[in-house]
>>> print(open('run_2.txt').read())   # compact mmCIF, C-alpha atoms
# COMPACT_ATOMS: atom_id res chain seq x y z
CA MET A 1411 145.14 -47.99 143.63
CA LYS A 1412 142.45 -45.30 143.10
CA LYS A 1413 140.81 -46.27 146.38
CA ASN A 1414 144.10 -45.76 148.22
CA ILE A 1415 144.56 -42.32 146.67
CA TYR A 1416 141.01 -41.28 147.60
CA LEU A 1417 141.50 -42.62 151.11
CA LEU A 1418 144.76 -40.70 151.45
CA LEU A 1419 143.13 -37.47 150.21
CA PHE A 1420 140.22 -37.95 152.60
CA LEU A 1421 142.59 -38.42 155.55
CA ILE A 1422 144.56 -35.29 154.62
CA VAL A 1423 141.41 -33.18 154.34
CA PHE A 1424 140.01 -34.64 157.56
CA ALA A 1425 143.26 -33.95 159.43
CA ALA A 1426 143.43 -30.39 158.08
CA CYS A 1427 139.87 -29.65 159.20
CA ASN A 1428 140.49 -30.91 162.71
CA SER A 1429 143.81 -29.17 163.35
CA GLU A 1430 143.72 -26.06 165.54
CA SER A 1431 145.94 -23.23 164.42
CA GLU A 1432 147.66 -20.73 166.65
CA PRO A 1433 147.08 -17.00 166.05
CA VAL A 1434 149.62 -15.48 163.72
CA GLY A 1435 151.15 -12.02 163.97
CA ASN A 1436 148.91 -9.27 165.41
CA GLU A 1437 145.97 -11.60 165.91
CA ALA A 1438 147.44 -12.84 169.16
CA GLN A 1439 147.63 -9.27 170.55
CA MET A 1440 144.15 -8.07 169.54
CA PRO A 1441 141.62 -7.92 172.37
CA GLU A 1442 138.40 -9.84 171.99
CA LYS A 1443 135.38 -7.77 170.97
CA GLU A 1444 132.34 -7.66 173.19
CA PRO A 1445 129.55 -9.79 171.71
CA VAL A 1446 126.39 -8.00 170.64
CA GLN A 1447 123.75 -8.34 173.30
CA PHE A 1448 120.51 -9.99 172.33
CA ALA A 1449 117.09 -9.68 173.92
CA GLU A 1450 117.66 -11.81 177.01
CA GLU A 1451 121.00 -10.15 177.80
CA ALA A 1452 120.03 -6.53 177.08
CA GLY A 1453 116.63 -6.70 178.69
CA ALA A 1454 113.35 -7.04 176.86
CA ASN A 1455 111.98 -3.72 178.13
CA SER A 1456 112.94 -1.67 175.09
CA LYS A 1457 110.39 -0.33 172.64
CA CYS A 1458 111.01 0.59 168.99
CA VAL A 1459 108.58 3.30 167.90
CA PHE A 1460 108.64 4.83 164.40
CA GLU A 1461 107.37 8.35 163.66
CA LYS A 1462 104.90 6.75 161.22
CA GLU A 1463 104.05 3.16 160.29
CA THR A 1464 103.57 3.94 156.57
CA TYR A 1465 105.70 6.35 154.56
CA ASP A 1466 104.58 7.79 151.22
CA LEU A 1467 107.39 8.24 148.71
CA GLY A 1468 105.00 9.95 146.28
CA LYS A 1469 105.26 9.69 142.49
CA ILE A 1470 108.49 8.25 141.11
CA GLN A 1471 109.68 7.90 137.53
CA GLN A 1472 110.22 4.27 136.57
CA GLY A 1473 113.91 3.40 136.94
CA GLU A 1474 114.51 5.99 139.65
CA ILE A 1475 116.34 4.90 142.81
CA VAL A 1476 114.97 6.56 145.94
CA LYS A 1477 116.57 6.66 149.38
CA TYR A 1478 114.34 7.42 152.32
CA THR A 1479 115.25 7.65 156.00
CA MET A 1480 112.76 6.58 158.64
CA LYS A 1481 113.47 7.61 162.21
CA PHE A 1482 112.56 5.58 165.26
CA LYS A 1483 112.95 6.06 168.99
CA ASN A 1484 113.59 3.74 171.91
CA GLU A 1485 110.67 4.47 174.22
CA GLY A 1486 111.54 1.62 176.58
CA GLU A 1487 113.75 1.41 179.65
CA ASP A 1488 116.50 -0.89 178.30
CA LEU A 1489 118.87 -0.72 175.34
CA LEU A 1490 117.19 -1.25 171.98
CA ILE A 1491 119.06 -3.55 169.61
CA ILE A 1492 118.09 -4.09 165.99
CA ASN A 1493 119.38 -7.59 165.20
CA SER A 1494 118.38 -7.55 161.51
CA ALA A 1495 116.20 -5.88 158.91
CA ARG A 1496 114.58 -7.64 155.96
CA ALA A 1497 112.76 -6.14 153.03
CA SER A 1498 109.70 -7.68 151.41
CA CYS A 1499 111.28 -7.45 147.97
CA GLY A 1500 114.72 -7.53 146.34
CA CYS A 1501 114.07 -4.01 145.00
CA THR A 1502 114.35 -2.66 148.56
CA VAL A 1503 117.56 -2.55 150.58
CA PRO A 1504 117.47 -1.57 154.28
CA LYS A 1505 120.35 -0.11 156.33
CA TRP A 1506 119.82 0.49 160.03
CA THR A 1507 121.49 1.76 163.17
CA LYS A 1508 123.65 -1.15 164.30
CA GLU A 1509 124.71 0.22 167.70
CA PRO A 1510 122.50 -0.31 170.76
CA ILE A 1511 120.11 2.62 171.18
CA ALA A 1512 119.74 4.02 174.68
CA LYS A 1513 116.47 4.90 176.39
CA GLY A 1514 115.00 7.98 174.70
CA ALA A 1515 117.58 7.98 171.88
CA GLU A 1516 116.82 7.77 168.17
CA GLY A 1517 117.95 5.45 165.43
CA GLN A 1518 117.46 5.38 161.68
CA LEU A 1519 116.31 2.95 159.04
CA GLU A 1520 117.46 3.99 155.59
CA VAL A 1521 115.58 2.30 152.77
CA THR A 1522 116.81 2.30 149.17
CA PHE A 1523 114.07 1.49 146.67
CA ASP A 1524 114.86 0.69 143.01
CA SER A 1525 111.79 1.28 140.85
CA SER A 1526 113.27 -0.35 137.73
CA GLY A 1527 110.78 -2.69 136.06
CA ARG A 1528 107.93 -1.60 138.33
CA PHE A 1529 104.84 0.43 137.54
CA GLY A 1530 101.72 1.66 139.25
CA LYS A 1531 101.11 1.70 142.98
CA GLN A 1532 103.72 -0.19 144.99
CA GLN A 1533 103.54 -1.24 148.63
CA LYS A 1534 106.70 -2.57 150.28
CA SER A 1535 107.63 -3.36 153.86
CA VAL A 1536 110.71 -3.77 156.02
CA VAL A 1537 110.67 -6.05 159.06
CA LEU A 1538 113.04 -5.35 161.93
CA ILE A 1539 113.98 -8.13 164.34
CA THR A 1540 114.62 -6.43 167.68
CA ASN A 1541 114.91 -7.05 171.37
CA SER A 1542 111.94 -4.75 171.97
CA VAL A 1543 108.67 -5.78 173.57
CA GLU A 1544 107.22 -6.54 170.11
CA LYS A 1545 110.36 -8.42 168.85
CA ILE A 1546 109.19 -7.90 165.25
CA VAL A 1547 108.56 -4.34 164.11
CA GLU A 1548 107.24 -3.71 160.60
CA VAL A 1549 107.16 -0.46 158.64
CA HIS A 1550 105.72 0.13 155.19
CA PHE A 1551 106.17 2.51 152.33
CA VAL A 1552 104.11 3.23 149.28
CA ALA A 1553 105.02 4.81 145.96
CA GLU A 1554 103.38 5.38 142.61
CA ILE A 1555 105.67 4.46 139.73
CA ILE A 1556 105.07 6.50 136.60
CA VAL A 1557 106.14 5.02 133.27
CA PRO A 1558 107.50 7.69 130.95
CA ASN A 1559 105.79 8.01 127.56
CA LYS A 1560 107.95 6.91 124.67
>>> encode(input="run_2.txt", output="structure tokens")
Amino acid sequence: MKKNIYLLLFLIVFAACNSESEPVGNEAQMPEKEPVQFAEEAGANSKCVFEKETYDLGKIQQGEIVKYTMKFKNEGEDLLIINSARASCGCTVPKWTKEPIAKGAEGQLEVTFDSSGRFGKQQKSVVLITNSVEKIVEVHFVAEIIVPNK
């Protein structure tokens, strides 16, 4: 009896997963969005160039949260697309320009660094995955975390 119940549940789940549903309400009227272009589609002749490769955040009190904006420029001929940005540590959160960046235009990488639980000299990096000539662009920042005397 248990086997029959399990078999019946399996068939119901399997049937539900394979059924195609029709759009409901406004979904049927919404136009499809253009997919984001990746390197091969946008052209690999873009170039992501930062003002500096290493940024110094200076001295920071332990526990302080610092936001820093790093500017970059597309010095290539094609659209520059930043597909993703990854920080070297969970204490660092990157936000970046998501729209394609035209030739000669600028974009921004905003980095939020949480110094909680850290002390001394810190070196962190953010890696951008792009469609530029280099594909992987890495920037760094340094900070000195000062522990307050108690």
>>> atom_distance(input="run_2.txt", atom1="atom CA of Asp1524 of chain A", atom2="atom CA of Asn1559 of chain A")
19.4 Å
>>> closest_atom_pairs(input="run_2.txt", of="segment 1491-1557 of chain A", to="segment 1456-1471 of chain A", cutoff="7 Å", atoms="all atoms listed in the file", output="tab-separated table")
residue	atom	partner	partner_atom	distance
A:Asn1541	CA	A:Ser1456	CA	6.8
A:Ser1542	CA	A:Ser1456	CA	4.5
A:Val1543	CA	A:Lys1457	CA	5.8
A:Val1549	CA	A:Glu1463	CA	5.0
A:His1550	CA	A:Thr1464	CA	4.6
A:Phe1551	CA	A:Tyr1465	CA	4.5
A:Val1552	CA	A:Asp1466	CA	5.0
A:Ala1553	CA	A:Leu1467	CA	5.0
A:Glu1554	CA	A:Lys1469	CA	4.7
A:Ile1555	CA	A:Ile1470	CA	4.9
A:Ile1556	CA	A:Gln1471	CA	4.9
A:Val1557	CA	A:Gln1471	CA	6.2
>>> closest_residue(input="run_2.txt", among="A:Glu1548, A:Asp1488, A:Glu1509, A:Glu1520", to="Val1476 of chain A", atoms="only C-alpha atoms")
A:Glu1520
>>> atom_distance(input="run_2.txt", atom1="atom CA of Phe1529 of chain A", atom2="atom CA of Lys1505 of chain A")
24.4 Å
>>> closest_residue(input="run_2.txt", among="A:Ala1495, A:Ile1511, A:Val1503, A:Thr1522", to="Val1547 of chain A", atoms="only C-alpha atoms")
A:Ala1495
>>> closest_residue(input="run_2.txt", among="A:Gln1533, A:Thr1507, A:Gln1472, A:Thr1502", to="Asn1484 of chain A", atoms="only C-alpha atoms")
A:Thr1507
>>> atom_distance(input="run_2.txt", atom1="atom CA of Phe1482 of chain A", atom2="atom CA of Ala1497 of chain A")
16.9 Å
>>> residues_near_point(input="run_2.txt", point="(118.7, 10.3, 179.8)", cutoff="12 Å", atoms="all atoms listed in the file", output="ChimeraX atom specification")
/A:1484-1489,1511-1515
>>> residues_near_point(input="run_2.txt", point="(115.3, 5.3, 133.5)", cutoff="10 Å", atoms="only C-alpha atoms", output="short mmCIF file (atom, residue, chain, number, x, y, z; two decimals) with C-alpha atoms, in the frame of the given file")
data_model
loop_
_atom_site.label_atom_id
_atom_site.label_comp_id
_atom_site.auth_asym_id
_atom_site.auth_seq_id
_atom_site.Cartn_x
_atom_site.Cartn_y
_atom_site.Cartn_z
CA GLN A 1471 109.68 7.90 137.53
CA GLN A 1472 110.22 4.27 136.57
CA GLY A 1473 113.91 3.40 136.94
CA GLU A 1474 114.51 5.99 139.65
CA ILE A 1475 116.34 4.90 142.81
CA SER A 1525 111.79 1.28 140.85
CA SER A 1526 113.27 -0.35 137.73
CA GLY A 1527 110.78 -2.69 136.06
CA VAL A 1557 106.14 5.02 133.27
CA PRO A 1558 107.50 7.69 130.95
#
